[in-house]
$ cat input19.pdb   # PDB, C-alpha atoms
ATOM      1  CA  MET K1272     169.442 292.424 146.778
ATOM      2  CA  PRO K1273     172.087 294.393 144.831
ATOM      3  CA  ARG K1274     171.134 297.628 143.145
ATOM      4  CA  PRO K1275     170.667 296.987 139.410
ATOM      5  CA  PRO K1276     173.299 298.493 137.086
ATOM      6  CA  TYR K1277     170.768 300.613 135.171
ATOM      7  CA  LYS K1278     173.094 302.419 132.810
ATOM      8  CA  CYS K1279     174.176 299.151 131.196
ATOM      9  CA  PHE K1280     170.760 298.889 129.524
ATOM     10  CA  GLU K1281     169.620 302.463 128.909
ATOM     11  CA  ILE K1282     167.479 303.105 125.831
ATOM     12  CA  LYS K1283     167.051 306.289 123.880
ATOM     13  CA  PRO K1284     163.750 308.165 124.379
ATOM     14  CA  GLU K1285     162.844 307.930 120.696
ATOM     15  CA  GLN K1286     163.106 304.134 120.764
ATOM     16  CA  SER K1287     159.947 303.665 122.798
ATOM     17  CA  ALA K1288     156.591 305.367 123.119
ATOM     18  CA  GLN K1289     156.644 304.398 126.799
ATOM     19  CA  ALA K1290     159.410 306.116 128.754
ATOM     20  CA  ALA K1291     161.995 304.116 130.645
ATOM     21  CA  LYS K1292     162.163 304.961 134.316
ATOM     22  CA  ARG K1293     164.255 304.185 137.354
ATOM     23  CA  TRP K1294     162.804 301.359 139.407
ATOM     24  CA  VAL K1295     161.064 302.398 142.626
ATOM     25  CA  PRO K1296     160.256 299.427 144.884
ATOM     26  CA  ASN K1297     156.737 299.019 146.192
ATOM     27  CA  ALA K1298     156.082 298.629 149.917
ATOM     28  CA  PHE K1299     156.644 294.864 149.960
ATOM     29  CA  MET K1300     159.845 295.008 147.932
ATOM     30  CA  GLY K1301     161.090 297.895 150.104
ATOM     31  CA  PHE K1302     160.430 295.777 153.186
ATOM     32  CA  SER K1303     162.244 292.816 151.598
ATOM     33  CA  LEU K1304     165.282 294.958 150.821
ATOM     34  CA  ALA K1305     165.311 296.288 154.402
ATOM     35  CA  VAL K1306     165.152 292.768 155.863
ATOM     36  CA  HIS K1307     168.121 291.644 153.767
ATOM     37  CA  VAL K1308     170.203 294.736 154.621
ATOM     38  CA  LEU K1309     169.469 294.433 158.358
ATOM     39  CA  ALA K1310     170.340 290.735 158.331
ATOM     40  CA  LEU K1311     173.659 291.444 156.636
ATOM     41  CA  MET K1312     174.469 294.177 159.157
ATOM     42  CA  ALA K1313     173.498 291.947 162.091
ATOM     43  CA  VAL K1314     175.978 289.239 161.070
ATOM     44  CA  PHE K1315     178.839 291.699 161.691
ATOM     45  CA  TRP K1316     177.551 294.134 164.326
ATOM     46  CA  MET K1317     174.664 292.459 166.188
ATOM     47  CA  PRO K1318     175.383 288.717 166.141
ATOM     48  CA  GLU K1319     172.959 288.164 169.021
ATOM     49  CA  CYS K1320     170.118 289.255 166.692
ATOM     50  CA  SER K1321     171.345 287.544 163.549
ATOM     51  CA  ARG K1322     169.481 284.301 164.218
ATOM     52  CA  TRP K1323     166.097 286.037 164.204
ATOM     53  CA  LEU K1324     166.918 288.232 161.262
ATOM     54  CA  LEU K1325     168.216 285.301 159.228
ATOM     55  CA  THR K1326     164.952 283.483 159.979
ATOM     56  CA  ALA K1327     163.098 286.553 158.723
ATOM     57  CA  VAL K1328     165.218 286.479 155.545
ATOM     58  CA  ALA K1329     164.348 282.814 154.979
ATOM     59  CA  LEU K1330     160.629 283.504 155.422
ATOM     60  CA  ASN K1331     160.846 286.527 153.145
ATOM     61  CA  GLN K1332     162.600 284.464 150.484
ATOM     62  CA  LEU K1333     159.789 281.910 150.662
ATOM     63  CA  VAL K1334     157.185 284.638 150.096
ATOM     64  CA  LEU K1335     159.227 285.995 147.165
ATOM     65  CA  ILE K1336     159.354 282.542 145.581
ATOM     66  CA  LEU K1337     155.617 281.985 146.009
ATOM     67  CA  ALA K1338     154.874 285.450 144.609
ATOM     68  CA  GLY K1339     156.991 284.652 141.542
ATOM     69  CA  LEU K1340     155.142 281.384 140.986
ATOM     70  CA  TRP K1341     151.729 283.115 141.092
ATOM     71  CA  PRO K1342     151.348 284.893 137.706
ATOM     72  CA  LYS K1343     148.684 287.318 138.939
ATOM     73  CA  CYS K1344     150.549 288.398 142.069
ATOM     74  CA  ARG K1345     151.414 292.101 142.454
ATOM     75  CA  LEU K1346     153.833 291.789 145.369
ATOM     76  CA  LEU K1347     156.841 291.920 143.025
ATOM     77  CA  GLY K1348     155.588 295.006 141.172
ATOM     78  CA  PRO K1349     152.816 296.330 138.890
ATOM     79  CA  ASN K1350     150.964 293.652 136.957
ATOM     80  CA  TRP K1351     148.060 293.992 134.536
ATOM     81  CA  THR K1352     145.584 291.238 135.432
ATOM     82  CA  CYS K1353     142.731 293.223 133.897
ATOM     83  CA  LEU K1354     142.368 296.354 131.806
ATOM     84  CA  PRO K1355     142.324 299.862 133.318
ATOM     85  CA  SER K1356     138.992 301.133 134.591
ATOM     86  CA  ALA K1357     138.646 303.549 131.662
ATOM     87  CA  ALA K1358     138.894 300.629 129.221
ATOM     88  CA  ALA K1359     136.349 298.643 131.219
ATOM     89  CA  ALA K1360     134.020 301.653 131.130
ATOM     90  CA  ARG K1361     134.305 301.592 127.328
ATOM     91  CA  ARG K1362     133.270 297.897 127.484
ATOM     92  CA  GLU K1363     136.626 296.731 126.199
ATOM     93  CA  VAL K1364     138.268 293.352 126.688
ATOM     94  CA  SER K1365     141.615 292.178 125.365
ATOM     95  CA  ILE K1366     142.515 288.867 123.757
ATOM     96  CA  THR K1367     146.201 288.093 124.177
ATOM     97  CA  ILE K1368     147.835 285.390 122.077
ATOM     98  CA  ASP K1369     151.088 283.786 123.197
ATOM     99  CA  ASP K1370     154.053 281.750 121.924
ATOM    100  CA  GLY K1371     153.863 282.603 118.215
ATOM    101  CA  PRO K1372     154.112 283.479 115.509
ATOM    102  CA  ASP K1373     153.274 280.162 113.886
ATOM    103  CA  PRO K1374     153.167 280.048 110.056
ATOM    104  CA  GLU K1375     150.304 277.513 110.039
ATOM    105  CA  VAL K1376     148.123 278.822 112.877
ATOM    106  CA  THR K1377     148.667 282.594 113.066
ATOM    107  CA  PRO K1378     147.259 283.447 109.581
ATOM    108  CA  ALA K1379     144.022 281.603 110.423
ATOM    109  CA  VAL K1380     143.851 283.441 113.762
ATOM    110  CA  LEU K1381     144.266 286.781 111.964
ATOM    111  CA  ASP K1382     141.449 285.935 109.554
ATOM    112  CA  LEU K1383     139.145 285.033 112.453
ATOM    113  CA  LEU K1384     139.905 288.302 114.224
ATOM    114  CA  ASP K1385     139.161 290.198 111.010
ATOM    115  CA  GLN K1386     135.772 288.501 110.685
ATOM    116  CA  PHE K1387     134.707 289.998 114.017
ATOM    117  CA  ASP K1388     136.561 293.306 113.621
ATOM    118  CA  ALA K1389     138.495 292.361 116.769
ATOM    119  CA  LYS K1390     141.990 293.434 117.741
ATOM    120  CA  ALA K1391     144.425 291.452 119.867
ATOM    121  CA  SER K1392     147.908 291.571 121.354
ATOM    122  CA  PHE K1393     150.381 288.902 120.234
ATOM    123  CA  PHE K1394     153.050 288.091 122.812
ATOM    124  CA  CYS K1395     155.706 286.758 120.473
ATOM    125  CA  ILE K1396     158.834 284.737 121.158
ATOM    126  CA  ALA K1397     161.559 286.809 119.532
ATOM    127  CA  GLU K1398     163.447 283.912 117.947
ATOM    128  CA  LYS K1399     160.231 282.706 116.291
ATOM    129  CA  ALA K1400     159.492 286.237 115.133
ATOM    130  CA  ARG K1401     162.942 286.427 113.565
ATOM    131  CA  GLN K1402     162.073 283.353 111.456
ATOM    132  CA  TYR K1403     158.795 284.850 110.200
ATOM    133  CA  PRO K1404     159.256 288.627 109.850
ATOM    134  CA  GLU K1405     156.597 289.011 107.157
ATOM    135  CA  LEU K1406     154.026 287.357 109.407
ATOM    136  CA  CYS K1407     154.938 289.784 112.207
ATOM    137  CA  ARG K1408     154.482 292.752 109.892
ATOM    138  CA  GLU K1409     151.124 291.305 108.829
ATOM    139  CA  ILE K1410     150.028 291.170 112.479
ATOM    140  CA  VAL K1411     150.828 294.859 112.932
ATOM    141  CA  SER K1412     149.341 295.900 109.578
ATOM    142  CA  ARG K1413     145.986 294.407 110.608
ATOM    143  CA  GLY K1414     145.821 296.608 113.701
ATOM    144  CA  HIS K1415     147.119 294.222 116.328
ATOM    145  CA  SER K1416     150.119 294.761 118.583
ATOM    146  CA  ILE K1417     153.234 292.657 119.006
ATOM    147  CA  GLU K1418     154.522 292.432 122.563
ATOM    148  CA  ASN K1419     157.543 290.860 124.253
ATOM    149  CA  HIS K1420     157.398 287.237 125.453
ATOM    150  CA  SER K1421     161.201 286.881 125.868
ATOM    151  CA  ARG K1422     163.773 285.884 123.307
ATOM    152  CA  TYR K1423     163.851 282.099 123.825
ATOM    153  CA  HIS K1424     160.917 281.259 126.180
ATOM    154  CA  ARG K1425     163.068 278.920 128.245
ATOM    155  CA  LEU K1426     161.910 276.964 131.280
ATOM    156  CA  ASP K1427     164.732 278.452 133.354
ATOM    157  CA  PHE K1428     163.778 282.070 132.580
ATOM    158  CA  ALA K1429     162.924 282.897 136.206
ATOM    159  CA  PHE K1430     166.271 281.507 137.449
ATOM    160  CA  ASN K1431     168.150 284.374 135.785
ATOM    161  CA  GLY K1432     169.631 287.231 137.784
ATOM    162  CA  TYR K1433     169.261 290.878 136.825
ATOM    163  CA  ARG K1434     171.848 290.814 134.040
ATOM    164  CA  GLY K1435     170.505 287.594 132.544
ATOM    165  CA  LEU K1436     166.942 288.916 132.497
ATOM    166  CA  ALA K1437     168.045 292.275 131.089
ATOM    167  CA  ARG K1438     169.973 290.602 128.284
ATOM    168  CA  GLU K1439     167.129 288.204 127.405
ATOM    169  CA  ILE K1440     164.411 290.861 127.380
ATOM    170  CA  ALA K1441     166.460 293.658 125.777
ATOM    171  CA  GLU K1442     167.563 291.365 122.938
ATOM    172  CA  ALA K1443     163.943 290.333 122.418
ATOM    173  CA  GLN K1444     162.949 294.014 122.319
ATOM    174  CA  ASP K1445     165.471 294.746 119.597
ATOM    175  CA  ILE K1446     164.525 291.696 117.494
ATOM    176  CA  LEU K1447     160.779 292.320 117.743
ATOM    177  CA  THR K1448     161.235 295.992 116.916
ATOM    178  CA  ARG K1449     163.295 295.201 113.821
ATOM    179  CA  VAL K1450     160.985 292.522 112.432
ATOM    180  CA  SER K1451     157.672 294.247 113.159
ATOM    181  CA  GLY K1452     158.563 297.930 112.938
ATOM    182  CA  SER K1453     156.884 298.499 116.302
ATOM    183  CA  ARG K1454     158.621 298.438 119.679
ATOM    184  CA  PRO K1455     156.815 296.320 122.322
ATOM    185  CA  LEU K1456     155.282 298.136 125.290
ATOM    186  CA  PHE K1457     154.213 295.082 127.303
ATOM    187  CA  PHE K1458     155.993 291.985 128.585
ATOM    188  CA  ARG K1459     154.669 288.603 129.658
ATOM    189  CA  ALA K1460     156.944 286.207 131.497
ATOM    190  CA  PRO K1461     157.348 282.707 130.051
ATOM    191  CA  PHE K1462     154.882 280.431 131.879
ATOM    192  CA  GLY K1463     153.963 283.482 133.996
ATOM    193  CA  ILE K1464     156.853 282.729 136.386
ATOM    194  CA  ARG K1465     158.966 285.658 137.625
ATOM    195  CA  ASN K1466     161.547 286.684 140.189
ATOM    196  CA  PRO K1467     162.216 289.968 142.060
ATOM    197  CA  PHE K1468     164.693 291.196 139.432
ATOM    198  CA  LEU K1469     162.102 291.312 136.649
ATOM    199  CA  GLU K1470     160.363 294.581 137.511
ATOM    200  CA  PRO K1471     163.633 296.590 137.714
ATOM    201  CA  VAL K1472     164.505 295.296 134.217
ATOM    202  CA  LEU K1473     161.062 296.130 132.820
ATOM    203  CA  SER K1474     161.234 299.628 134.304
ATOM    204  CA  ILE K1475     164.479 300.533 132.587
ATOM    205  CA  LEU K1476     163.289 299.034 129.277
ATOM    206  CA  GLY K1477     159.994 300.934 129.387
ATOM    207  CA  LEU K1478     157.869 297.777 129.565
ATOM    208  CA  ARG K1479     154.788 296.894 131.600
ATOM    209  CA  LEU K1480     154.107 293.413 132.915
ATOM    210  CA  ALA K1481     150.814 291.943 131.702
ATOM    211  CA  SER K1482     149.360 288.643 132.860
ATOM    212  CA  TRP K1483     145.655 287.789 132.424
ATOM    213  CA  THR K1484     142.227 287.634 133.997
ATOM    214  CA  ARG K1485     141.748 284.021 132.922
ATOM    215  CA  ARG K1486     143.383 281.489 130.654
ATOM    216  CA  GLY K1487     142.113 278.445 128.786
ATOM    217  CA  PHE K1488     145.115 276.115 129.178
ATOM    218  CA  ASP K1489     144.862 275.515 125.454
ATOM    219  CA  THR K1490     148.419 274.215 125.162
ATOM    220  CA  ARG K1491     147.352 270.961 126.809
ATOM    221  CA  GLU K1492     143.542 270.838 126.709
ATOM    222  CA  THR K1493     142.324 269.241 123.463
ATOM    223  CA  ARG K1494     138.598 269.819 124.022
ATOM    224  CA  PRO K1495     137.532 273.261 122.738
ATOM    225  CA  ASP K1496     134.408 273.374 124.919
ATOM    226  CA  ARG K1497     136.518 273.025 128.068
ATOM    227  CA  VAL K1498     138.852 275.807 126.966
ATOM    228  CA  LYS K1499     135.945 278.133 126.094
ATOM    229  CA  GLN K1500     134.272 277.409 129.415
ATOM    230  CA  ARG K1501     137.383 278.514 131.313
ATOM    231  CA  LEU K1502     137.759 281.671 129.234
ATOM    232  CA  LEU K1503     134.116 282.762 129.231
ATOM    233  CA  ARG K1504     133.113 281.994 132.820
ATOM    234  CA  GLY K1505     132.094 285.384 134.232
ATOM    235  CA  LEU K1506     133.155 287.279 131.093
ATOM    236  CA  LYS K1507     132.972 291.025 131.688
ATOM    237  CA  ALA K1508     134.374 294.334 130.502
ATOM    238  CA  GLY K1509     138.035 294.759 131.420
ATOM    239  CA  ASP K1510     138.975 291.088 131.098
ATOM    240  CA  ILE K1511     142.297 289.989 129.620
ATOM    241  CA  LEU K1512     142.003 286.537 128.018
ATOM    242  CA  LEU K1513     144.960 284.277 127.204
ATOM    243  CA  VAL K1514     145.164 281.777 124.329
ATOM    244  CA  HIS K1515     148.067 280.422 122.260
ATOM    245  CA  ASP K1516     148.824 280.379 118.543
ATOM    246  CA  GLY K1517     152.219 278.780 119.249
ATOM    247  CA  ASN K1518     152.484 275.421 121.054
ATOM    248  CA  ALA K1519     148.718 275.055 120.674
ATOM    249  CA  ALA K1520     147.120 271.714 121.457
ATOM    250  CA  SER K1521     145.151 269.961 118.708
ATOM    251  CA  THR K1522     141.569 268.736 118.769
ATOM    252  CA  PRO K1523     140.898 265.007 118.272
ATOM    253  CA  GLU K1524     140.357 265.887 114.589
ATOM    254  CA  GLY K1525     143.853 267.390 114.390
ATOM    255  CA  LYS K1526     142.783 271.043 114.246
ATOM    256  CA  PRO K1527     144.622 273.630 116.399
ATOM    257  CA  VAL K1528     142.346 274.057 119.410
ATOM    258  CA  ILE K1529     142.708 277.849 119.358
ATOM    259  CA  LEU K1530     140.645 278.118 116.154
ATOM    260  CA  PRO K1531     137.291 276.755 117.376
ATOM    261  CA  VAL K1532     137.958 278.328 120.780
ATOM    262  CA  LEU K1533     138.633 281.773 119.347
ATOM    263  CA  GLN K1534     135.532 281.552 117.148
ATOM    264  CA  GLY K1535     133.391 280.870 120.228
ATOM    265  CA  VAL K1536     135.097 283.532 122.334
ATOM    266  CA  LEU K1537     134.640 286.196 119.662
ATOM    267  CA  GLU K1538     130.982 285.280 119.265
ATOM    268  CA  ALA K1539     130.474 285.567 123.044
ATOM    269  CA  ILE K1540     132.257 288.940 123.154
ATOM    270  CA  GLN K1541     130.056 290.243 120.359
ATOM    271  CA  LYS K1542     126.882 288.911 121.994
ATOM    272  CA  ALA K1543     127.808 290.617 125.287
ATOM    273  CA  ASN K1544     128.250 293.941 123.455
ATOM    274  CA  LEU K1545     131.943 294.027 124.340
ATOM    275  CA  HIS K1546     134.832 295.098 122.107
ATOM    276  CA  SER K1547     138.145 293.301 121.773
ATOM    277  CA  VAL K1548     141.081 295.736 121.633
ATOM    278  CA  ASN K1549     144.821 295.362 121.886
ATOM    279  CA  LEU K1550     146.518 296.318 125.121
ATOM    280  CA  ARG K1551     147.910 299.538 123.681
ATOM    281  CA  THR K1552     144.428 300.790 122.850
ATOM    282  CA  ALA K1553     143.259 299.847 126.339
ATOM    283  CA  ARG K1554     145.987 301.891 128.027
ATOM    284  CA  ALA K1555     145.052 305.071 126.110
TER     285      ALA K1555
END
$ encode --input "input19.pdb" --output "structure tokens"
Amino acid sequence: MPRPPYKCFEIKPEQSAQAAKRWVPNAFMGFSLAVHVLALMAVFWMPECSRWLLTAVALNQLVLILAGLWPKCRLLGPNWTCLPSAAAARREVSITIDDGPDPEVTPAVLDLLDQFDAKASFFCIAEKARQYPELCREIVSRGHSIENHSRYHRLDFAFNGYRGLAREIAEAQDILTRVSGSRPLFFRAPFGIRNPFLEPVLSILGLRLASWTRRGFDTRETRPDRVKQRLLRGLKAGDILLVHDGNAASTPEGKPVILPVLQGVLEAIQKANLHSVNLRTARA
């Protein structure tokens, strides 16, 4: 894997409350890099070993692909699948809301959160945020955070190389910062699918990858009870829950499924004496 051209995407320290840093590979990624370098060397200097090393490269590539397809996997780098232990000790959970903002659904979601004095993190698609800047500012003014969910949320996101990912995510950072007045600190990959170049990009942009503890599949499930069951099964402090205000499925009555689901989830959180906070509060 080529070394990323970091200086092409440097950001100024004052632009982010979370410092950019040079990417340091974890043990698995270090091993993967070593396998690729050794295989390349063997082709020229140890051809008798190249067959075995090329087989190792193929197997390693398969593991990398599977790791990228598993949203909760940490082989490719750090990944928040639950809140830090300090947040769990404070009995905090986090509701994360993807694919918005939506001018019809998001205001109703904000009102529901206010009813329960709950805070959430909205992973916004930058191009949608650009269309509704006042709604983004309303999200922030009510105590929630806006985080980065890419600029376009395309199906081929994970097929990008380093430069493609850096451009997509950096442009989203700039758009979301301008429209909301707050620079994102977290990133969630579209559909949860990643590749090995993502973590180097997030490092230099000062972002942390966040996935979830459980999701409700509310973009395709029309029955609120089914969605709530998935989200609330084993609910405990430290959980990160995923629902959608954009691309939300509708109930048989035509209501966005997130609304009855969120009502039930917030009631369950309150009953369990838990507190819903945004991800930025949880990292403090």
$ resolve_selection --input "input19.pdb" --expression "the PyMOL selection byres ((chain K and resi 1405) around 12)" --output "list of chain:residue names"
K:Pro1372, K:Asp1373, K:Pro1374, K:Thr1377, K:Pro1378, K:Lys1399, K:Ala1400, K:Arg1401, K:Gln1402, K:Tyr1403, K:Pro1404, K:Leu1406, K:Cys1407, K:Arg1408, K:Glu1409, K:Ile1410, K:Val1411, K:Ser1412, K:Leu1447, K:Arg1449, K:Val1450, K:Ser1451, K:Gly1452
$ resolve_selection --input "input19.pdb" --expression "the PyMOL selection byres ((chain K and resi 1503-1509) around 10)" --output "number ranges by chain"
K: 1352-1365, 1484-1487, 1498-1502, 1510-1512, 1535-1536, 1539-1540, 1543-1547, 1553
$ residues_around --input "input19.pdb" --residues "Asn1466 of chain K" --least-positions-apart "3" --cutoff "8 Å" --atoms "only C-alpha atoms" --output "ChimeraX atom specification"
/K:1335-1336,1339,1347,1429-1430,1469
$ write_last_selection --input "input19.pdb" --atoms "C-alpha atoms" --output "short mmCIF file (atom, residue, chain, number, x, y, z; two decimals), in the frame of the given file"
data_model
loop_
_atom_site.label_atom_id
_atom_site.label_comp_id
_atom_site.auth_asym_id
_atom_site.auth_seq_id
_atom_site.Cartn_x
_atom_site.Cartn_y
_atom_site.Cartn_z
CA LEU K 1335 159.23 286.00 147.16
CA ILE K 1336 159.35 282.54 145.58
CA GLY K 1339 156.99 284.65 141.54
CA LEU K 1347 156.84 291.92 143.02
CA ALA K 1429 162.92 282.90 136.21
CA PHE K 1430 166.27 281.51 137.45
CA LEU K 1469 162.10 291.31 136.65
#
$ resolve_selection --input "input19.pdb" --expression "the PyMOL selection byres ((chain K and resi 1366-1370) around 9)" --output "MDAnalysis selection string"
chainID K and resid 1364:1365 1371:1373 1389:1396 1399 1420 1424 1459 1461 1483 1510:1519 1547:1550
$ atom_distance --input "input19.pdb" --atom1 "atom CA of Ala1397 of chain K" --atom2 "atom CA of Ile1417 of chain K"
10.2 Å
$ build_atoms --input "input19.pdb" --residues "segment 1514-1534 of chain K" --atoms "N, CA and C atoms" --output "PDB file, keeping the file's coordinate frame"
ATOM      1  N   VAL K1514     145.151 282.988 125.156  1.00  0.00           N
ATOM      2  CA  VAL K1514     145.164 281.777 124.329  1.00  0.00           C
ATOM      3  C   VAL K1514     146.518 281.716 123.625  1.00  0.00           C
ATOM      4  N   HIS K1515     146.758 280.640 122.879  1.00  0.00           N
ATOM      5  CA  HIS K1515     148.067 280.422 122.260  1.00  0.00           C
ATOM      6  C   HIS K1515     147.933 280.077 120.778  1.00  0.00           C
ATOM      7  N   ASP K1516     148.706 280.798 119.944  1.00  0.00           N
ATOM      8  CA  ASP K1516     148.824 280.379 118.543  1.00  0.00           C
ATOM      9  C   ASP K1516     150.088 279.549 118.345  1.00  0.00           C
ATOM     10  N   GLY K1517     151.049 279.646 119.247  1.00  0.00           N
ATOM     11  CA  GLY K1517     152.219 278.780 119.249  1.00  0.00           C
ATOM     12  C   GLY K1517     152.064 277.723 120.337  1.00  0.00           C
ATOM     13  N   ASN K1518     152.595 276.527 120.088  1.00  0.00           N
ATOM     14  CA  ASN K1518     152.484 275.421 121.054  1.00  0.00           C
ATOM     15  C   ASN K1518     151.036 275.063 121.370  1.00  0.00           C
ATOM     16  N   ALA K1519     150.132 275.327 120.438  1.00  0.00           N
ATOM     17  CA  ALA K1519     148.718 275.055 120.674  1.00  0.00           C
ATOM     18  C   ALA K1519     148.440 273.550 120.619  1.00  0.00           C
ATOM     19  N   ALA K1520     147.575 273.105 121.515  1.00  0.00           N
ATOM     20  CA  ALA K1520     147.120 271.714 121.457  1.00  0.00           C
ATOM     21  C   ALA K1520     146.225 271.525 120.235  1.00  0.00           C
ATOM     22  N   SER K1521     146.014 270.275 119.851  1.00  0.00           N
ATOM     23  CA  SER K1521     145.151 269.961 118.708  1.00  0.00           C
ATOM     24  C   SER K1521     143.908 269.220 119.180  1.00  0.00           C
ATOM     25  N   THR K1522     142.802 269.462 118.494  1.00  0.00           N
ATOM     26  CA  THR K1522     141.569 268.736 118.769  1.00  0.00           C
ATOM     27  C   THR K1522     141.737 267.283 118.336  1.00  0.00           C
ATOM     28  N   PRO K1523     140.820 266.399 118.740  1.00  0.00           N
ATOM     29  CA  PRO K1523     140.898 265.007 118.272  1.00  0.00           C
ATOM     30  C   PRO K1523     140.901 264.887 116.749  1.00  0.00           C
ATOM     31  N   GLU K1524     140.371 265.895 116.053  1.00  0.00           N
ATOM     32  CA  GLU K1524     140.357 265.887 114.589  1.00  0.00           C
ATOM     33  C   GLU K1524     141.647 266.450 114.004  1.00  0.00           C
ATOM     34  N   GLY K1525     142.565 266.890 114.860  1.00  0.00           N
ATOM     35  CA  GLY K1525     143.853 267.390 114.390  1.00  0.00           C
ATOM     36  C   GLY K1525     143.880 268.877 114.096  1.00  0.00           C
ATOM     37  N   LYS K1526     142.846 269.599 114.483  1.00  0.00           N
ATOM     38  CA  LYS K1526     142.783 271.043 114.246  1.00  0.00           C
ATOM     39  C   LYS K1526     143.339 271.787 115.446  1.00  0.00           C
ATOM     40  N   PRO K1527     144.137 272.857 115.255  1.00  0.00           N
ATOM     41  CA  PRO K1527     144.622 273.630 116.399  1.00  0.00           C
ATOM     42  C   PRO K1527     143.452 274.105 117.260  1.00  0.00           C
ATOM     43  N   VAL K1528     143.499 273.814 118.543  1.00  0.00           N
ATOM     44  CA  VAL K1528     142.346 274.057 119.410  1.00  0.00           C
ATOM     45  C   VAL K1528     142.011 275.546 119.499  1.00  0.00           C
ATOM     46  N   ILE K1529     142.985 276.414 119.271  1.00  0.00           N
ATOM     47  CA  ILE K1529     142.708 277.849 119.358  1.00  0.00           C
ATOM     48  C   ILE K1529     141.661 278.295 118.343  1.00  0.00           C
ATOM     49  N   LEU K1530     141.539 277.629 117.205  1.00  0.00           N
ATOM     50  CA  LEU K1530     140.645 278.118 116.154  1.00  0.00           C
ATOM     51  C   LEU K1530     139.169 277.978 116.535  1.00  0.00           C
ATOM     52  N   PRO K1531     138.688 276.798 116.919  1.00  0.00           N
ATOM     53  CA  PRO K1531     137.291 276.755 117.376  1.00  0.00           C
ATOM     54  C   PRO K1531     137.070 277.529 118.668  1.00  0.00           C
ATOM     55  N   VAL K1532     138.084 277.570 119.528  1.00  0.00           N
ATOM     56  CA  VAL K1532     137.958 278.328 120.780  1.00  0.00           C
ATOM     57  C   VAL K1532     137.808 279.811 120.495  1.00  0.00           C
ATOM     58  N   LEU K1533     138.679 280.342 119.652  1.00  0.00           N
ATOM     59  CA  LEU K1533     138.633 281.773 119.347  1.00  0.00           C
ATOM     60  C   LEU K1533     137.325 282.152 118.673  1.00  0.00           C
ATOM     61  N   GLN K1534     136.829 281.293 117.794  1.00  0.00           N
ATOM     62  CA  GLN K1534     135.532 281.552 117.148  1.00  0.00           C
ATOM     63  C   GLN K1534     134.448 281.718 118.211  1.00  0.00           C
TER      64      GLN K1534
END
